[in-house]
Amino acid sequence: MATTQGAALDRKKLMADPIMVTTIVVLITFLTLFILYPLAILLIDSLYGANGLSLDTFRRVLAMPTFTRAISNTLKVGFVVGILSTLIGLLFAYVEVYVKLHAVAGGLFKVVSMLPVVSPPFVLSLSMIMLFGKAGLITRFVLGIYDNNVYGYWGIVIVQTLTFFPVCYMMLKGLLKNIDPSLEEAARDMGASRWKVFTDVTFPLMLPGLGNAFLVTFIESIADFANPMIIGGSYDTLATSIYLQITGAFDKEGAAAMAVVLLCITLAMFAVQKYYLESKTAATLTGKASRARMLIEDKSVSIPLTVLCSISALFVIMMYICVPIGAMFPTWGYKFTPLTFKWFGQVFSKYKGLKAFRDSFMLSLIASPITALLSMIISYLVVKRKFKAKGFIEAVSMLAMAVPGTVLGVGYIRGFSGGLFHTGFLGGIYGTGLILIIVFVVRSLPTGTRSGISALRQIDKSIEESAYDMGADSLKVFMTVTLPLIKDSFLSGLVTAFVRSITAISAIILLVTPSYLLITVQINEFAEKGAFSIACAFATILILITYGSVLLMNVLMKYFGTSRKIKEE
Amino acid sequence: MAKEKKGVRLDHISKIYQDPKTHKDFYAVHDTSLEIEPGSFVTLLGPSGCGKTTTLRMIAGFESPDEGEIYLGGEPINALTPNKRDTAMVFQSYALLPHYNIFDNVAYGLKLRKLDKDTIHTKVLDILKLVGLEGMEARMTNQLSGGQQQRVALARALVLEPGVLLFDEPLSNLDAKLRVSMRTEIRRIQQEAGITAVYVTHDQSEAMALSDKIIIMEKGVVSQMGTPQEIYYHPKNEFVADFIGDANFLKGKMLRHEGSDGIVSLGGTEVRVAAAENVTDGAETTVVLRPESTVLGDTGYFPVKVVVSSFMGAYQLYHVMLGDVKLIIHEYNPKGKKIYAMGETAYIHFEPGNAHCI
Ligand SMILES: Nc1ncnc2c1ncn2[C@@H]1O[C@H](COP(=O)(O)OP(=O)(O)OP(=O)(O)O)[C@@H](O)[C@H]1O
Ligand SMILES: [Mg+2]
């Protein structure tokens with residue numbers, strides 16, 4: 001009886017704020033329609049076929065040897081990539097936090113951590129093929145090996161490891177910095193060697209964090225579509241099998257069932273990561289590093305470690321640079337000089353490059369402000385307000401993080417091509433630019449929301465309360481207080497959403513119609529055909545666009561960002 | 001200055017929270033009824049976690065009471081959102097808008113009320129003068145000291161001429177000296193503005209210095225409400241007596257009354273306590289003695305053993321043992337009085353009017 005009055009009053013107060021209510025309703029509708037519903041329809045479709053409720057479709061796909069092989073392939077790759085990325089990430093993180101780094105090495109580290117964030121997903125696959133493939137620059141022309149085969153298991157593992165280890169590196173760096181140095185110094189004091197300190201103190205403290213990094217990479221690897229597509233050859237993973245099931249076998253029901261399998265695997269991993277490891281990581285590392293750490297100055301340790309990491313970093317950077325250079329070789333694999341811009345010319349003259357860039361650019365440009373605003377609104381609601389549906393909004397936007405793009409793509413095909421629940425209602429959006437924009441938004445929403453939430457958590461709740469108290473309604477509070485205070489996060493969300501959208505491929509490739517040409521889809525097509533020079537030219541322009549937008553963001557932040565001024569306080 | 005002073009009435013208010021660990025509901029505030037007179041300065045005082053902030057936030061509208069109704073100026077306000085309530089709050093963290101300068105911070109609420117520009121300008125400058133921040137309009141909030149930020153927070157609330165001004169430990173982030181001068185300042189401004197104020201603190205001297213009335217809270221319920229003098233000299237129970245200042249407690253039995261005085265037996269010795277109508281004959285009672293009204297001498301009610309005797313400047317501090325009960329005694333103005341050393345035996349005594357039965 002008692003609590004009902006408080007709840008009723010809270011509800012009444014909420015209802016007195018129509019803008020807030022509308023926002024919440026719109027958000028819930030959006031999340032339900034474009035995240036929950038497509039996933040639900042996959043499940044419904046694969047369980048409820050022509051002859052009622054049955055497991056027939058699952059039985060059928062699981063009987064396909066190609067599919068069961070794809071499952072084991074995917075898990076194998078994910079596992080190995082997870083381990084390798086975590087280890088390399090740990091090495092980099094350890095060196096950065098514990099070794100006095102030379103400025104040049106520090107710069108290299110920074111570049112390496114940035115590259116995968118701003119690069120299109122298949123850049124490394126392209127350069128892998130160009131450097132180490134049959135006609136690879138290094139394999140054939142430096143080492144004299146002919147017919148080296150990079151396609152397949154090892155190709156995927158290497159490329160994915162190089163793509164994902166920087167993520168681990170960034171995660172583990174944060175973790176190491178939070179370890180209180182006095183714990184380790186105490187062990188040193190008692191006579192333990194560096195190595196012993198690492199194995200007895202640092203490593204156990206980091207164990208949950210390492211598990212976390214491993215699982216995050218595992219999920220990314222499993223969900224990755226672009227790299228296995230380009231460098232997998234006949235080694236199929238779940239993501240590529242699903243794609244082929246739709247585009248090759250035209251078996252949408254089967255693809256739906258496969259997508260459910262892939263989704264279940266990532267969701268299970270995600271659940272473990274989110275609810276078990278994240279809390280454990282936080283629990284073991286409550287103490288913030290109170291003092292500066294004594295860095296390792298011993299040259300016999302620091303020099304080899306720094307050199308090792310710097311060489312690896314250089315290698316990764318070289319892989320990225322290979323794409324723009326490859327785009328300038330006159331004939332790939334035969335004639336390398338003089339460098340030429342003819343492929344770039346052909347991109348525009350022969351291959352409708354302009355249209356591809358315009359389409360990709362416009363759609364991403366429309367999607368990114370929507371994503372940025374939406375994620376800030378969600379973060380605001382989640383962090384600063386309390387209402388009943390909050391848990392739902394938070395859970396669904398986080399759920400989107402665990403959904404592989406391919407699964408989402410199949411979900412949209414099943415969910416919207418025949419209209420809602422195959423009734424034809426809303427079927428009109430299928431095949432339009434609108435659905436592509438929606439996919440862009442949904443795919444970038446979790447990242448934006450996560451960064452928005454952490455930015456908002458930094459802001460004292462009473463600042464917004466004081467504005468509310470002085471008479472501002474929710475909209476006013478959000479516009480005059482919240483948004484200005486997280487301007488930096490908003491700006492970077494804007495650019496991140498743009499970069500993610502313009503480089504997206506996994507979901508979009510299933511949904512794009514001939515009326516839209518997208519750069520990533522073009523790159524994939526040309527790479528498939530073996531036209532690497534054109535693929536590289538496309539990719540190079542894409543890289544220029546993404547790097548350009550990141551640069552622009554940094555400039556904007558410098559001049560318009562308020563947060564820094566405020567933080568100095 | 002205030003257009004209308006408003007009183008606040010809490011009518012059997014409760015707030016239930018869920019313990020985040022055990023998921024059990026508990027009362028953060030339980031069945032609290034209060035009447036706050038228009039124009040008065042009332043302090044909510046109590047130990048950490050007793051529900052002061054919760055009470056204040058219910059008045060402001062950030063939290064909704066689970067039971068009872070809150071009235072502001074006679075109107076029930078339970079269903080109103082904070083932005084529709086005639087209250088203004090000064091936060092512990094000041095909560096200034098960091099992206100605005102001082103002027104815009106103070107003008108924020110006025111702009112929302114759609115006042116014209118000139119009026120806003122005059123009002124803001126007037127109020128900044130009142131809080132002693134003339135000429136600082138253009139500064140950003142991070143260019144101010146803690147005390148100055150506090151003044152902005154106060155100005156920002158005052159300028160709205162609210163029916164009631166709410167403070168949640170506004171001085172706790174300041175250093176001790178500034179705290180003392182700011183509280184005098186707050187009191188002056190409140191009286192000049194003639195505004196109703198509800199002030200939360202866990203600092204008893206702040207409460208004493210500021211308030212017309214003090215409300216002592218313990219574990220979600222009101223222990224006692226009264227003027228600082230009433231609370232200090234006539235605490236209703238041991239919790240209040242102990243929370244406000246130091247107190248000695250002597251357990252005994254009320255023998256009889258002589259007029260309004262009570263005669264209490266403390267371990268066989270009869271002592272006289274004034275104004276003891278609250279305890280009936282034959283009942284168990286506790287006699288409360290403030291350290292400064294307890295006297296140490298060569299004669300008196302009981303012999304005690306001195307265990308601590310130290311010179312504190314303004315007074316001589318004694319800890320004495322009466323059996324196994326420790327008593328604290330402050331002998332003010334010790335110069336020229338007899339000083340007892342550690343280990344000596346002495347007698348304690350008190351005037352009937354300085355003791356109090358609970
Ligand atoms: N949102 C909440 N959810 C659950 N419990 C809460 C919440 N807010 C406060 N509490 C609990 O309610 C009780 C009263 O809290 P309140 O903040 O009112 O205390 P307080 O008297 O202001 O203490 P302090 O002097 O430390 O500020 C505490 O036990 C607190 O832990
Ligand atoms: Mg409090």
# chains A, B, ... in the order shown; residues from 1 in each chain; ligands from 1
>>> residues_near_ligand(ligand="ligand 2", cutoff="10 Å", atoms="only C-alpha atoms and all ligand atoms", output="JSON list (two decimals) with all heavy atoms, in the first residue's frame")
[["chain", "number", "residue", "atom", "x", "y", "z"],
["B", 46, "GLY", "N", 20.91, 15.80, 12.50],
["B", 46, "GLY", "CA", 20.93, 14.39, 12.89],
["B", 46, "GLY", "C", 22.15, 13.73, 12.33],
["B", 46, "GLY", "O", 22.83, 14.28, 11.46],
["B", 47, "PRO", "N", 22.42, 12.52, 12.80],
["B", 47, "PRO", "CA", 23.61, 11.82, 12.33],
["B", 47, "PRO", "C", 23.45, 11.38, 10.88],
["B", 47, "PRO", "O", 22.35, 11.43, 10.33],
["B", 47, "PRO", "CB", 23.70, 10.61, 13.25],
["B", 47, "PRO", "CG", 22.33, 10.40, 13.74],
["B", 47, "PRO", "CD", 21.68, 11.75, 13.80],
["B", 48, "SER", "N", 24.51, 10.95, 10.28],
["B", 48, "SER", "CA", 24.50, 10.53, 8.88],
["B", 48, "SER", "C", 23.51, 9.41, 8.65],
["B", 48, "SER", "O", 23.43, 8.47, 9.44],
["B", 48, "SER", "CB", 25.91, 10.08, 8.48],
["B", 48, "SER", "OG", 25.94, 9.84, 7.11],
["B", 49, "GLY", "N", 22.74, 9.52, 7.59],
["B", 49, "GLY", "CA", 21.81, 8.46, 7.23],
["B", 49, "GLY", "C", 20.48, 8.51, 7.95],
["B", 49, "GLY", "O", 19.68, 7.60, 7.83],
["B", 50, "CYS", "N", 20.20, 9.59, 8.69],
["B", 50, "CYS", "CA", 18.96, 9.63, 9.47],
["B", 50, "CYS", "C", 17.77, 10.10, 8.64],
["B", 50, "CYS", "O", 16.66, 10.13, 9.12],
["B", 50, "CYS", "CB", 19.13, 10.49, 10.71],
["B", 50, "CYS", "SG", 19.29, 12.24, 10.31],
["B", 51, "GLY", "N", 18.01, 10.52, 7.41],
["B", 51, "GLY", "CA", 16.88, 10.89, 6.55],
["B", 51, "GLY", "C", 16.70, 12.38, 6.33],
["B", 51, "GLY", "O", 15.66, 12.81, 5.84],
["B", 52, "LYS", "N", 17.69, 13.17, 6.67],
["B", 52, "LYS", "CA", 17.57, 14.63, 6.50],
["B", 52, "LYS", "C", 17.45, 15.01, 5.03],
["B", 52, "LYS", "O", 16.54, 15.73, 4.63],
["B", 52, "LYS", "CB", 18.81, 15.34, 7.08],
["B", 52, "LYS", "CG", 19.14, 14.97, 8.50],
["B", 52, "LYS", "CD", 20.41, 15.66, 8.96],
["B", 52, "LYS", "CE", 21.67, 15.28, 8.22],
["B", 52, "LYS", "NZ", 22.28, 14.01, 8.57],
["B", 53, "THR", "N", 18.41, 14.51, 4.25],
["B", 53, "THR", "CA", 18.39, 14.85, 2.82],
["B", 53, "THR", "C", 17.11, 14.36, 2.17],
["B", 53, "THR", "O", 16.50, 15.05, 1.37],
["B", 53, "THR", "CB", 19.61, 14.22, 2.13],
["B", 53, "THR", "OG1", 20.78, 14.76, 2.72],
["B", 53, "THR", "CG2", 19.62, 14.53, 0.66],
["B", 54, "THR", "N", 16.71, 13.14, 2.54],
["B", 54, "THR", "CA", 15.49, 12.58, 1.97],
["B", 54, "THR", "C", 14.31, 13.50, 2.26],
["B", 54, "THR", "O", 13.50, 13.79, 1.38],
["B", 54, "THR", "CB", 15.25, 11.18, 2.55],
["B", 54, "THR", "OG1", 16.43, 10.41, 2.35],
["B", 54, "THR", "CG2", 14.09, 10.51, 1.88],
["B", 55, "THR", "N", 14.21, 13.96, 3.50],
["B", 55, "THR", "CA", 13.11, 14.86, 3.85],
["B", 55, "THR", "C", 13.15, 16.12, 3.00],
["B", 55, "THR", "O", 12.14, 16.56, 2.44],
["B", 55, "THR", "CB", 13.22, 15.25, 5.35],
["B", 55, "THR", "OG1", 13.33, 14.06, 6.11],
["B", 55, "THR", "CG2", 12.01, 16.04, 5.78],
["B", 56, "LEU", "N", 14.33, 16.70, 2.89],
["B", 56, "LEU", "CA", 14.48, 17.94, 2.14],
["B", 56, "LEU", "C", 14.13, 17.72, 0.67],
["B", 56, "LEU", "O", 13.46, 18.55, 0.05],
["B", 56, "LEU", "CB", 15.93, 18.42, 2.26],
["B", 56, "LEU", "CG", 16.15, 19.89, 1.96],
["B", 56, "LEU", "CD1", 15.57, 20.73, 3.08],
["B", 56, "LEU", "CD2", 17.64, 20.18, 1.81],
["B", 57, "ARG", "N", 14.57, 16.59, 0.13],
["B", 57, "ARG", "CA", 14.31, 16.33, -1.28],
["B", 57, "ARG", "C", 12.84, 16.03, -1.55],
["B", 57, "ARG", "O", 12.35, 16.22, -2.66],
["B", 57, "ARG", "CB", 15.19, 15.18, -1.79],
["B", 57, "ARG", "CG", 16.66, 15.58, -1.92],
["B", 57, "ARG", "CD", 17.56, 14.41, -2.24],
["B", 57, "ARG", "NE", 17.21, 13.77, -3.48],
["B", 57, "ARG", "CZ", 17.63, 14.20, -4.68],
["B", 57, "ARG", "NH1", 18.41, 15.24, -4.76],
["B", 57, "ARG", "NH2", 17.26, 13.57, -5.77],
["B", 92, "GLN", "N", 24.70, 20.95, -1.67],
["B", 92, "GLN", "CA", 25.97, 20.76, -0.98],
["B", 92, "GLN", "C", 27.15, 20.99, -1.92],
["B", 92, "GLN", "O", 28.14, 21.59, -1.55],
["B", 92, "GLN", "CB", 26.01, 19.33, -0.44],
["B", 92, "GLN", "CG", 27.32, 18.98, 0.23],
["B", 92, "GLN", "CD", 27.24, 17.64, 0.92],
["B", 92, "GLN", "OE1", 26.30, 16.88, 0.74],
["B", 92, "GLN", "NE2", 28.23, 17.34, 1.74],
["B", 168, "ASP", "N", 20.94, 21.98, 1.65],
["B", 168, "ASP", "CA", 21.44, 20.67, 2.07],
["B", 168, "ASP", "C", 22.94, 20.76, 2.36],
["B", 168, "ASP", "O", 23.75, 20.75, 1.45],
["B", 168, "ASP", "CB", 21.17, 19.62, 0.98],
["B", 168, "ASP", "CG", 21.45, 18.21, 1.49],
["B", 168, "ASP", "OD1", 21.79, 18.06, 2.68],
["B", 168, "ASP", "OD2", 21.33, 17.26, 0.70],
["B", 169, "GLU", "N", 23.27, 20.83, 3.61],
["B", 169, "GLU", "CA", 24.66, 20.93, 4.05],
["B", 169, "GLU", "C", 25.48, 21.86, 3.15],
["B", 169, "GLU", "O", 26.51, 21.45, 2.61],
["B", 169, "GLU", "CB", 25.31, 19.55, 4.08],
["B", 169, "GLU", "CG", 24.49, 18.58, 4.87],
["B", 169, "GLU", "CD", 25.31, 17.41, 5.39],
["B", 169, "GLU", "OE1", 26.53, 17.57, 5.55],
["B", 169, "GLU", "OE2", 24.72, 16.36, 5.67],
["B", 200, "VAL", "N", 19.58, 21.70, 6.23],
["B", 200, "VAL", "CA", 20.03, 20.38, 6.68],
["B", 200, "VAL", "C", 21.50, 20.43, 7.06],
["B", 200, "VAL", "O", 22.31, 20.99, 6.33],
["B", 200, "VAL", "CB", 19.83, 19.33, 5.57],
["B", 200, "VAL", "CG1", 20.66, 18.10, 5.83],
["B", 200, "VAL", "CG2", 18.37, 18.97, 5.45],
["B", 201, "THR", "N", 21.82, 19.86, 8.20],
["B", 201, "THR", "CA", 23.23, 19.81, 8.59],
["B", 201, "THR", "C", 23.43, 18.68, 9.58],
["B", 201, "THR", "O", 22.48, 18.17, 10.17],
["B", 201, "THR", "CB", 23.69, 21.14, 9.23],
["B", 201, "THR", "OG1", 25.06, 21.03, 9.57],
["B", 201, "THR", "CG2", 22.88, 21.46, 10.46],
["B", 202, "HIS", "N", 24.67, 18.23, 9.73],
["B", 202, "HIS", "CA", 24.90, 17.35, 10.87],
["B", 202, "HIS", "C", 25.88, 17.99, 11.85],
["B", 202, "HIS", "O", 26.42, 17.35, 12.73],
["B", 202, "HIS", "CB", 25.33, 15.95, 10.43],
["B", 202, "HIS", "CG", 26.56, 15.90, 9.62],
["B", 202, "HIS", "ND1", 26.56, 15.45, 8.32],
["B", 202, "HIS", "CD2", 27.81, 16.27, 9.87],
["B", 202, "HIS", "CE1", 27.77, 15.54, 7.84],
["B", 202, "HIS", "NE2", 28.56, 16.04, 8.76]]
>>> interface_residues(of="chain B", to="chain A", cutoff="9 Å", atoms="only C-alpha atoms", output="PyMOL selection string")
chain B and resi 14-17+60-68+78-85+87-99+108-110+112-113+141-143+156-157+160
>>> residues_around(residues="B:Ala247", least_positions_apart="3", cutoff="9 Å", atoms="only C-alpha atoms", output="list in words")
Glu238, Ala241, Asp242, Phe243, Ile244, Val288, Leu289, Arg290, Pro291, Leu327 and Ile328 of chain B
>>> write_last_selection(atoms="N, CA, C and O atoms", output="PDB file, in the first residue's frame")
ATOM      1  N   GLU B 238      17.933  10.498  25.714  1.00  0.00           N
ATOM      2  CA  GLU B 238      19.393  10.429  25.766  1.00  0.00           C
ATOM      3  C   GLU B 238      20.016  10.728  24.428  1.00  0.00           C
ATOM      4  O   GLU B 238      21.059  11.349  24.330  1.00  0.00           O
ATOM      5  N   ALA B 241      20.098  14.476  23.939  1.00  0.00           N
ATOM      6  CA  ALA B 241      21.032  15.076  24.889  1.00  0.00           C
ATOM      7  C   ALA B 241      22.473  14.802  24.467  1.00  0.00           C
ATOM      8  O   ALA B 241      23.332  15.672  24.526  1.00  0.00           O
ATOM      9  N   ASP B 242      22.717  13.597  24.027  1.00  0.00           N
ATOM     10  CA  ASP B 242      24.062  13.209  23.666  1.00  0.00           C
ATOM     11  C   ASP B 242      24.483  13.828  22.344  1.00  0.00           C
ATOM     12  O   ASP B 242      25.639  14.168  22.129  1.00  0.00           O
ATOM     13  N   PHE B 243      23.498  13.973  21.434  1.00  0.00           N
ATOM     14  CA  PHE B 243      23.828  14.485  20.108  1.00  0.00           C
ATOM     15  C   PHE B 243      24.159  15.961  20.162  1.00  0.00           C
ATOM     16  O   PHE B 243      25.044  16.444  19.455  1.00  0.00           O
ATOM     17  N   ILE B 244      23.427  16.702  21.012  1.00  0.00           N
ATOM     18  CA  ILE B 244      23.678  18.135  21.136  1.00  0.00           C
ATOM     19  C   ILE B 244      24.590  18.338  22.337  1.00  0.00           C
ATOM     20  O   ILE B 244      24.169  18.192  23.473  1.00  0.00           O
ATOM     21  N   VAL B 288      19.892  14.257  33.448  1.00  0.00           N
ATOM     22  CA  VAL B 288      20.861  14.730  32.467  1.00  0.00           C
ATOM     23  C   VAL B 288      21.577  15.954  33.013  1.00  0.00           C
ATOM     24  O   VAL B 288      20.938  16.893  33.482  1.00  0.00           O
ATOM     25  N   LEU B 289      22.880  15.908  32.958  1.00  0.00           N
ATOM     26  CA  LEU B 289      23.694  17.010  33.463  1.00  0.00           C
ATOM     27  C   LEU B 289      24.662  17.450  32.390  1.00  0.00           C
ATOM     28  O   LEU B 289      25.389  16.640  31.842  1.00  0.00           O
ATOM     29  N   ARG B 290      24.660  18.732  32.058  1.00  0.00           N
ATOM     30  CA  ARG B 290      25.663  19.231  31.114  1.00  0.00           C
ATOM     31  C   ARG B 290      27.012  19.356  31.831  1.00  0.00           C
ATOM     32  O   ARG B 290      27.039  19.719  33.020  1.00  0.00           O
ATOM     33  N   PRO B 291      28.109  19.124  31.168  1.00  0.00           N
ATOM     34  CA  PRO B 291      29.430  19.175  31.820  1.00  0.00           C
ATOM     35  C   PRO B 291      29.694  20.519  32.491  1.00  0.00           C
ATOM     36  O   PRO B 291      30.288  20.570  33.561  1.00  0.00           O
ATOM     37  N   LEU B 327      31.861  10.505  34.131  1.00  0.00           N
ATOM     38  CA  LEU B 327      31.220  11.803  33.944  1.00  0.00           C
ATOM     39  C   LEU B 327      32.244  12.798  33.423  1.00  0.00           C
ATOM     40  O   LEU B 327      33.429  12.700  33.716  1.00  0.00           O
ATOM     41  N   ILE B 328      31.743  13.762  32.638  1.00  0.00           N
ATOM     42  CA  ILE B 328      32.631  14.801  32.121  1.00  0.00           C
ATOM     43  C   ILE B 328      32.258  16.118  32.790  1.00  0.00           C
ATOM     44  O   ILE B 328      31.070  16.451  32.916  1.00  0.00           O
TER      45      ILE B 328
END
>>> closest_residue(among="B:Ser40, B:Thr122, B:Gln204, B:Asn105", to="ligand 1", atoms="only C-alpha atoms and all ligand atoms")
B:Gln204
>>> closest_residue(among="B:Gln18, B:Gln148, B:Thr196, B:Thr119", to="ligand 1", atoms="only C-alpha atoms and all ligand atoms")
B:Gln18
>>> select_by_dssp(residues="stretch 460-530 of chain A", states="alpha helix (DSSP H)", output="PyMOL selection string")
chain A and resi 461-469+474-477+483-485+487-502+508-511+519-529
>>> closest_residue(among="B:Phe26, B:Ser145, B:Val287, B:His330", to="B:Asn173", atoms="only C-alpha atoms")
B:Ser145
>>> select_by_dssp(residues="stretch 67-313 of chain B", states="strand (DSSP E)", output="JSON, numbers by chain")
{"B": [67, 68, 69, 70, 71, 72, 75, 76, 87, 88, 89, 90, 164, 165, 166, 167, 168, 196, 197, 198, 199, 200, 201, 213, 214, 215, 216, 217, 218, 221, 222, 223, 224, 225, 226, 248, 249, 250, 251, 252, 253, 254, 255, 256, 257, 258, 261, 262, 263, 264, 265, 266, 269, 270, 271, 272, 273, 284, 285, 286, 287, 288, 289, 295, 296, 297, 302, 303, 304, 305, 306, 307, 308, 309, 310, 311]}
>>> residues_around(residues="A:Val201", least_positions_apart="4", cutoff="8 Å", atoms="only C-alpha atoms", output="number ranges by chain")
A: 183-184, 187, 196-197, 205
>>> write_last_selection(atoms="N, CA, C and O atoms", output="compact mmCIF listing (two decimals), in the first residue's frame")
# COMPACT_ATOMS: atom_id res chain seq x y z
N LEU A 183 50.95 -2.08 -3.96
CA LEU A 183 50.80 -3.54 -3.83
C LEU A 183 52.04 -4.23 -4.38
O LEU A 183 52.59 -5.15 -3.78
N GLU A 184 52.45 -3.77 -5.58
CA GLU A 184 53.59 -4.40 -6.22
C GLU A 184 54.89 -4.05 -5.50
O GLU A 184 55.77 -4.88 -5.34
N ALA A 187 55.53 -6.24 -2.63
CA ALA A 187 56.09 -7.54 -3.00
C ALA A 187 57.58 -7.41 -3.36
O ALA A 187 58.39 -8.26 -2.99
N LYS A 196 58.43 -12.34 -10.80
CA LYS A 196 57.64 -12.93 -9.75
C LYS A 196 56.51 -11.97 -9.35
O LYS A 196 55.38 -12.40 -9.09
N VAL A 197 56.82 -10.69 -9.30
CA VAL A 197 55.78 -9.70 -8.99
C VAL A 197 54.67 -9.78 -10.02
O VAL A 197 53.49 -9.77 -9.72
N LEU A 205 45.68 -10.06 -10.23
CA LEU A 205 44.79 -8.92 -10.14
C LEU A 205 44.10 -8.65 -11.47
O LEU A 205 42.97 -8.18 -11.52
>>> residues_around(residues="B:Gly194", least_positions_apart="6", cutoff="12 Å", atoms="only C-alpha atoms", output="ChimeraX atom specification")
/B:1-6,37-41,158,161-165,186-188
>>> residues_around(residues="stretch 58-67 of chain A", least_positions_apart="3", cutoff="8 Å", atoms="only C-alpha atoms", output="ChimeraX atom specification")
/A:46-47,55,70-71,238,241,254,257-258
>>> write_last_selection(atoms="N, CA and C atoms", output="tab-separated table (two decimals), in the first residue's frame")
chain	number	residue	atom	x	y	z
A	46	SER	N	12.14	-19.35	-37.56
A	46	SER	CA	12.84	-20.62	-37.65
A	46	SER	C	12.15	-21.70	-36.82
A	47	LEU	N	11.25	-21.30	-35.95
A	47	LEU	CA	10.52	-22.29	-35.16
A	47	LEU	C	9.16	-22.60	-35.76
A	55	LEU	N	10.95	-27.95	-34.88
A	55	LEU	CA	12.38	-27.67	-34.92
A	55	LEU	C	12.96	-28.08	-36.27
A	70	ALA	N	31.09	-24.67	-40.21
A	70	ALA	CA	31.19	-23.23	-39.98
A	70	ALA	C	31.15	-22.90	-38.49
A	71	ILE	N	30.30	-23.63	-37.76
A	71	ILE	CA	30.23	-23.38	-36.31
A	71	ILE	C	31.59	-23.65	-35.67
A	238	LEU	N	30.49	-18.56	-39.47
A	238	LEU	CA	29.03	-18.42	-39.37
A	238	LEU	C	28.54	-17.21	-40.14
A	241	SER	N	28.69	-17.87	-43.83
A	241	SER	CA	27.73	-18.90	-44.23
A	241	SER	C	26.33	-18.34	-44.31
A	254	GLY	N	16.46	-20.96	-43.72
A	254	GLY	CA	17.67	-21.58	-43.21
A	254	GLY	C	18.60	-20.55	-42.62
A	257	ALA	N	17.55	-19.50	-39.21
A	257	ALA	CA	17.90	-20.45	-38.16
A	257	ALA	C	19.38	-20.37	-37.84
A	258	MET	N	20.21	-20.21	-38.88
A	258	MET	CA	21.65	-20.07	-38.64
A	258	MET	C	21.94	-18.81	-37.83
>>> residues_around(residues="B:Glu344", least_positions_apart="5", cutoff="9 Å", atoms="only C-alpha atoms", output="number ranges by chain")
B: 304-307
>>> closest_residue(among="B:Gly146, B:Pro228, B:Gly323, B:Gly220", to="ligand 1", atoms="only C-alpha atoms and all ligand atoms")
B:Gly220
>>> atom_distance(atom1="atom CA of A:Ala268", atom2="atom CA of A:Leu84")
21.3 Å
>>> decode(residues="stretch 106-137 of chain B", atoms="C-alpha atoms", output="PDB file, in the first residue's frame")
ATOM      1  CA  VAL B 106      21.782  33.683 -11.349  1.00  0.00           C
ATOM      2  CA  ALA B 107      19.610  34.752 -14.285  1.00  0.00           C
ATOM      3  CA  TYR B 108      18.808  31.160 -15.334  1.00  0.00           C
ATOM      4  CA  GLY B 109      15.627  30.791 -13.301  1.00  0.00           C
ATOM      5  CA  LEU B 110      14.479  34.328 -14.081  1.00  0.00           C
ATOM      6  CA  LYS B 111      14.831  33.735 -17.800  1.00  0.00           C
ATOM      7  CA  LEU B 112      12.716  30.620 -17.464  1.00  0.00           C
ATOM      8  CA  ARG B 113      10.067  32.785 -15.840  1.00  0.00           C
ATOM      9  CA  LYS B 114      10.144  34.939 -18.960  1.00  0.00           C
ATOM     10  CA  LEU B 115      10.885  38.206 -17.194  1.00  0.00           C
ATOM     11  CA  ASP B 116      12.019  41.028 -19.424  1.00  0.00           C
ATOM     12  CA  LYS B 117      15.689  41.682 -19.843  1.00  0.00           C
ATOM     13  CA  ASP B 118      15.935  44.863 -17.788  1.00  0.00           C
ATOM     14  CA  THR B 119      14.126  43.384 -14.838  1.00  0.00           C
ATOM     15  CA  ILE B 120      16.405  40.369 -14.912  1.00  0.00           C
ATOM     16  CA  HIS B 121      19.435  42.609 -15.080  1.00  0.00           C
ATOM     17  CA  THR B 122      18.400  44.692 -12.080  1.00  0.00           C
ATOM     18  CA  LYS B 123      17.345  41.708 -10.028  1.00  0.00           C
ATOM     19  CA  VAL B 124      20.551  39.808 -10.656  1.00  0.00           C
ATOM     20  CA  LEU B 125      22.760  42.768  -9.823  1.00  0.00           C
ATOM     21  CA  ASP B 126      20.748  43.513  -6.675  1.00  0.00           C
ATOM     22  CA  ILE B 127      21.017  40.003  -5.405  1.00  0.00           C
ATOM     23  CA  LEU B 128      24.722  39.733  -6.207  1.00  0.00           C
ATOM     24  CA  LYS B 129      25.205  42.856  -4.137  1.00  0.00           C
ATOM     25  CA  LEU B 130      23.260  41.311  -1.273  1.00  0.00           C
ATOM     26  CA  VAL B 131      25.533  38.274  -1.215  1.00  0.00           C
ATOM     27  CA  GLY B 132      28.654  40.381  -1.658  1.00  0.00           C
ATOM     28  CA  LEU B 133      29.624  39.451  -5.208  1.00  0.00           C
ATOM     29  CA  GLU B 134      29.389  42.828  -6.885  1.00  0.00           C
ATOM     30  CA  GLY B 135      31.404  43.116 -10.065  1.00  0.00           C
ATOM     31  CA  MET B 136      31.936  39.399 -10.486  1.00  0.00           C
ATOM     32  CA  GLU B 137      29.056  38.828 -12.934  1.00  0.00           C
TER      33      GLU B 137
END
